[in-house]
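J.: Encoded as structure tokens, here's the structure I'll be asking about.
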Amino acid sequence: DQVIHIYNRHADLIEQLRLPGMCSCFGWDKDGDLLAVITDKSANLLIWDANSSRSNWLDTGIRDPLNVLIWSKTGPTLAIGSYRGNLMIYNHKTSRRVPVIGKHSKAITCGAWSSGNLLALGSEDRTLSISNLDGDTLRVATLRAEPQDVQFCEMKQDERSNTENTVSLVVGGKTLYLFNLYDPENPIELAFQSRYGSIVAYKWFGDGYILIGFSAGYFVVISTHMKEIGQELFQAKNHRESLTGISISTTIGKAASCGDNSIKIHELNDLKDTSNVITLDDERGLDHMDWSEDGQLLAVSTSKGNLHVYLSKLPLLGSACQSRVAYLTSLLEVTVASAVEPLTSITVAADIEPSFLALGPFHLALGMNNRAWFYLLGETNVDLLRDREYLGTVSDMQVNADYCAVRYEGKIQLHILESEGVVTEERESKIFPETGKTDVISCMALTPDFLIWGTDMGGIGYFFLEDWSIVSEFKHITGIKDMVSEPSGTKVAFIDSKNQGYIYNPNTDALVLVKDMPESTKNILWDQCPGDKDIIIAYDGEAMHTFILDMDNVGGATVSHLGMTKVPLGQHPILLYNGEVSLQTQSGKLVKVTLSTHDISHNIGDFKPDELKQLLGKNLALGRFTNGWAICDLLGTPEDWETLAKSALEKLEVEFAIRVYRHLRDVSMVWSLEDIKDIEDKKLLSGHIAMMLGDYQLAQDLYLQSSQAVEALHMRRDLLQWDQALTLADRLAPAETATISREYGQQLEFTGDYPAALLHYERGILAFTQNQDDEEHNVSCKSGIARMALRCGDVRKGLQMCKELDSRQLLRECAEILEQMKQLSDAAQLYESAQYYDKAAHLYIKLKNWSKIGTLLPNISSPKIQLQFAKAKEADGKFKDAVAAYEAARDYDSAVRLYLDKLNDPENAVRIVKQTRSNEGAKMVARFFLKLSDFSSAIQFLVISRCVDEAFQLAQQHAKMDLFADIVGDDATPEDYHSIAVYFETERNHLQAGRFYYRAGEHSKALRHLLKVAASTTDDSEPLNLAIEVVGASGQSHLARQLIEFLMGETDGVPKDAKYLFRLYMARKQYKEAAKTAVIIAREEQSAGNYRNAHDVLFNMYQELINNKIAIPWEMSNNLMVLHSYTLARLHVRRGDHLRGARMLLRVANNISKFPSHVVPILTSTVIECHRSGLKNSAFTYAAMLMRAEYRKDIDEKYKKKIEAIVRKPQRTEENEKSSRCPYCTNEVPESELYCAQCKNSLPYCIATGY
């Protein structure tokens, strides 16, 4: 329709240019300001200025139709070619025209400018010409067919040239022609497979690579390097029927092709990756395509005359405030959304395409160049407040609740957002830097309370909004490029001109270097979550590096690198909240990524130990100690608890560390931390903790900075690091230098550095002493000097110092030193002076000074020395002295030898052997007595020396077997006992034979011999008792029956005393039978009047039954009670307790039949005691019993009248006995009554009172 339509990037029609004919070619200059148009029916050139929207027609001076125009790459220079091969070069800036007639013989169809202003033209005359800016022809190349699509480029070579050295073009639609300007004689022509079809278009990219599109739909990449030329690096059939166009955007790294009715977009770094496929369902065919220079727009024309423009990427423009984010979702649309809470997002339609935006708590600002629009944000809507222009192009803008800060041209303008007449004119707006300052502001940060800025000279300023004044200024060593503030403004992270990262704290002016921050850092984000306010990330274009700021670390403020998180290509971090990063994508979306350092699962129950340890490390790095406790609880190893405790200490979390150490039961650490937890001096507290953690140099530095610098000295002393301690003492506590010198000397002495130790001991002596401690200090130093003088060879000085101090301990130490130095005589004298007589004597022996040893001998306790002295005396023939020394040395065999062989004193020899039971001595004494024919003594000492066989033979020979048996006792072997028994059996001594058969373990033989003895003698107690032992030890039933038959008289018709049967039952542990027998024995003893014996028999039997958990027969228990009551009655009467005595006697009188031998005396005592204690009725009852004829004659005359008086004048009055509750039921029972009539139980009684 002979009209050119000009649209902006938002598809708004800007201009329509009507032409006199069909447009044959048009193009934009390098800046996009000028549009040149030529037609097929005019020789004039149309120039349209985009800035002024004005059109201008120029006469080219060429009289044939114009065919092609080419803009220069470097300036407003335009080349125009005609159908007849004529050329005109036009400079729009200077309006200079250079006509070149006959450049080619036929139509110029294509061309290109180089960056060096060389012009390459292709013509229908099948030639390629290279001309300069003035139109002069420099090179001409003849081609085999018509050229198309001429381009300048840099061909890949071994030596990089950085200049466009090659002209490329398509020849005849089939081959690619490469003409090297520096090697014109050797052009390269590349042909391709015929199935690809003809070449539609090609594009250079990268380091000498060419992307070629073919009509059959193929998409091919080749390299121009000579080693790779002719090889296809990549090939794909992108379109089924045909390919009509290709385009490359190196800005965004993408390549596109169009064909059929689809568009395919590839990644340049991996062409196999098809990132997008766009299908145009309403179109039959696509024609041409091209990217915008910035790569944001891709335009495709169709055969229907339609133009489709696609937005390939959005500007990564965004801003964050607290937990909300504002970001571009299209070129004219901004979305405000919460990155944390599920709130409805707000969409803001912009009138312009913004180049900057800023989000505040209640406002959104966006704009471009020097103009900004401000919006008030509601819950679901947005209202335009105002727009404002500034004095320069805006570089950065930030907004808080009340103010907006705008940075432009090295300045900041701070102004209020909504005045409404509330603020003063002074607070309406302010420019920084203030008047008179020339600083160039390079970055800024706006917080709720502060405006913070950084300058290119390293200045950091804090402006307090409430006071409207500068409150802090700091000078850094170099310029500051970028900064971001912690949400409250109390800390600032910044990057300086050397690409170093720092954290600045205005409260303390502390500056902390961020050591591992990448030099290519593009952006810093501070975590907006209050719980993670010390976390920052640094984004370097590929990854986010996580750092944690620890202002309370034991070593001072530190920034630690925690880890790295990869960022997907084309995404940009905009907000960090609680470890979760909101990323803005080029497609206008918001995605979230959790930092690798914060990627912590809450379901840790299924984790393996290694995974739990990694998780523990993450939590401790983030200072999340509560989580660390839970993980350590699962791991359960002391090492992990120790790690948790140390991490808490490093962050000065003392209370938490106490909890951990208490859990570990580490009492010492708990007590130590309890002592220091309330220290307010942070440096002092950190010093103590650094010492506990083993970092002593750090601890010293912290102590020296604290209010108690002397703690550094105490630490070095405790660590025995004396050089440092002395240095610190000279500076901090000169009074302690002497003490430290002494302690250092002791340490050096211990390690063997004696000269240095001597030096420090001498340095430690105090010139003036004020108290006992000073005196002891000087004594210690002088003692050290004495020892070190000896060690260093100055013996005279050392001995003199020893004598001056006169210390027993020092004398011994010096003596030991001299002994090591082989100064034996001096050492012995010092030992003697110190009263270490054994050591002195030992040295005198080495010196063979026997006279000295003799004088010391009474004080010597060492057997070894006594033995040496004894041997010396024996060698000298002084046997008495020798034997005394042998005894003192406990060498009793040698003493016995001398007594027998040299001194002929057997009495002392026998004494020694009997005292010591020495085998060897006993042998010597035995041999001595054998010589004297004293066989009894010889046998005795042979047994002592364990020569039992010899003693037996000797006893057998000389009829001394009784003596031998007595001597052997219980120490012989069963074989020895058997031999003795056989001997006695031969001698018909059945008692001894039975005894020794019993000891030999031959129980049957032993019983047989013992029963023979018992049957043949009247005194059968010994053999029977021994027989009972034999049967009890044997455990054999037939032996027991044999003995019982003998005791019952079945063997010889004479029953034996029941006590033997009782003993047998006891020996065999037949307690029930023993109990019955015991009752019988007790009854006999009672009848005989032996009440104590009867009581003992019953009581012992009672105890045995109790111990063996056997029920006590009632008869035994009752008899024991009666006998015990009788015993207690006598005791109570003797003590004067007549009432208790009477009660016990009443109990006995009720069972008087069991005391037939003493009926009258017992009844008499009962009457007397009852009368005394007021039991008149009971006294009358038993007095009447005594008046019977069978008892009256036996009453003691002393009591007869009194008893008769009681009977004649009876008094029946008697107080009732006190009662107490039955232990088995609720019945009240008299205290002396041992039977409860209600529950029928026998009651226990007290062994002392009988109640």
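As shown in the structure tokens, the chain order sets the letters A, B, ...; within each chain, residues go from 1, and ligands are also counted from 1 in the order they appear.
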Do you know which residues are at most 8 Å from Gly461 (chain A) counting only C-alpha atoms, after dropping those on the same chain fewer than 4 positions away, and could you put them as a VMD selection string?
T.: chain A and resid 452 to 454 470 to 474
J.: With only C-alpha atoms as the counted atoms, please give the residues lying no more than 10 Å from His714 (chain A), apart from itself and same-chain residues fewer than 6 positions off, as a list in words.
T.: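 Contacts, in chain order: Gln700, Leu720, Ala725, Leu728 and Ala729 of chain A.
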J.: Let's have the selection written as a compact mmCIF listing (two decimals), in the first residue's frame, with N, CA, C and O atoms.
T.:
# COMPACT_ATOMS: atom_id res chain seq x y z
N GLN A 700 44.53 -14.15 75.81
CA GLN A 700 45.43 -13.10 76.32
C GLN A 700 45.07 -11.75 75.72
O GLN A 700 44.99 -10.74 76.43
N LEU A 720 51.91 -22.64 82.72
CA LEU A 720 53.37 -22.83 82.86
C LEU A 720 54.13 -22.25 81.67
O LEU A 720 55.18 -22.75 81.29
N ALA A 725 54.63 -15.13 80.85
CA ALA A 725 54.19 -14.67 82.17
C ALA A 725 55.12 -13.59 82.71
O ALA A 725 54.66 -12.59 83.28
N LEU A 728 54.52 -10.34 80.87
CA LEU A 728 53.28 -9.70 81.33
C LEU A 728 53.44 -9.17 82.75
O LEU A 728 52.91 -8.09 83.08
N ALA A 729 54.18 -9.88 83.60
CA ALA A 729 54.35 -9.44 84.98
C ALA A 729 55.12 -8.13 85.04
O ALA A 729 54.79 -7.24 85.84
J.: What lies within 10 Å of region 277-294 of chain A using only C-alpha atoms, ignoring chain neighbours under 4 positions off, as a ChimeraX atom specification?
T.: /A:9,32,201,242-252,254-266,298-313,315
J.: Hey, which bits of region 425-504 of chain A sit within 12 Å of region 553-571 of chain A, and for each residue what's the closest pair of atoms and how far apart in Å (one decimal), counting only C-alpha atoms, rows by chain and increasing number, as a Markdown table?
T.:
| residue | atom | partner | partner_atom | distance |
| --- | --- | --- | --- | --- |
| A:Lys491 | CA | A:Ala557 | CA | 12.0 |
| A:Ala493 | CA | A:Val559 | CA | 10.9 |
| A:Gly501 | CA | A:Val559 | CA | 10.2 |
| A:Tyr502 | CA | A:Val559 | CA | 8.9 |
| A:Ile503 | CA | A:Val559 | CA | 8.2 |
| A:Tyr504 | CA | A:Ala557 | CA | 10.4 |
J.: Quick one: everything within 9 Å of Glu418 (chain A), counting only C-alpha atoms, minus sequence neighbours fewer than 6 positions away in the same chain. Send it as an NGL selection string.
T.: :A and (385 or 402-403)
J.: Next, the residues of the selection above should be written as a PDB file, in the first residue's frame with all heavy atoms.
T.:
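selection_23.pdb written:
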ATOM      1  N   LEU A 385      -0.682   8.877  43.574  1.00  0.00           N
ATOM      2  CA  LEU A 385      -0.586  10.051  44.449  1.00  0.00           C
ATOM      3  C   LEU A 385      -0.121  11.278  43.677  1.00  0.00           C
ATOM      4  O   LEU A 385      -0.774  12.322  43.689  1.00  0.00           O
ATOM      5  CB  LEU A 385       0.417   9.774  45.576  1.00  0.00           C
ATOM      6  CG  LEU A 385      -0.064   8.964  46.782  1.00  0.00           C
ATOM      7  CD1 LEU A 385       1.093   8.782  47.753  1.00  0.00           C
ATOM      8  CD2 LEU A 385      -1.212   9.675  47.471  1.00  0.00           C
ATOM      9  N   ASP A 402       7.532   7.279  55.155  1.00  0.00           N
ATOM     10  CA  ASP A 402       7.261   8.721  55.038  1.00  0.00           C
ATOM     11  C   ASP A 402       8.093   9.416  53.969  1.00  0.00           C
ATOM     12  O   ASP A 402       7.677  10.453  53.448  1.00  0.00           O
ATOM     13  CB  ASP A 402       7.532   9.408  56.383  1.00  0.00           C
ATOM     14  CG  ASP A 402       6.667   8.832  57.482  1.00  0.00           C
ATOM     15  OD1 ASP A 402       5.448   8.702  57.266  1.00  0.00           O
ATOM     16  OD2 ASP A 402       7.217   8.490  58.557  1.00  0.00           O
ATOM     17  N   TYR A 403       9.261   8.890  53.645  1.00  0.00           N
ATOM     18  CA  TYR A 403      10.196   9.627  52.800  1.00  0.00           C
ATOM     19  C   TYR A 403      10.597   8.802  51.587  1.00  0.00           C
ATOM     20  O   TYR A 403      10.510   7.566  51.574  1.00  0.00           O
ATOM     21  CB  TYR A 403      11.455  10.004  53.592  1.00  0.00           C
ATOM     22  CG  TYR A 403      11.203  11.042  54.659  1.00  0.00           C
ATOM     23  CD1 TYR A 403      10.904  10.644  55.963  1.00  0.00           C
ATOM     24  CD2 TYR A 403      11.261  12.398  54.372  1.00  0.00           C
ATOM     25  CE1 TYR A 403      10.664  11.579  56.954  1.00  0.00           C
ATOM     26  CE2 TYR A 403      11.035  13.342  55.358  1.00  0.00           C
ATOM     27  CZ  TYR A 403      10.726  12.938  56.642  1.00  0.00           C
ATOM     28  OH  TYR A 403      10.492  13.870  57.610  1.00  0.00           O
TER      29      TYR A 403
END
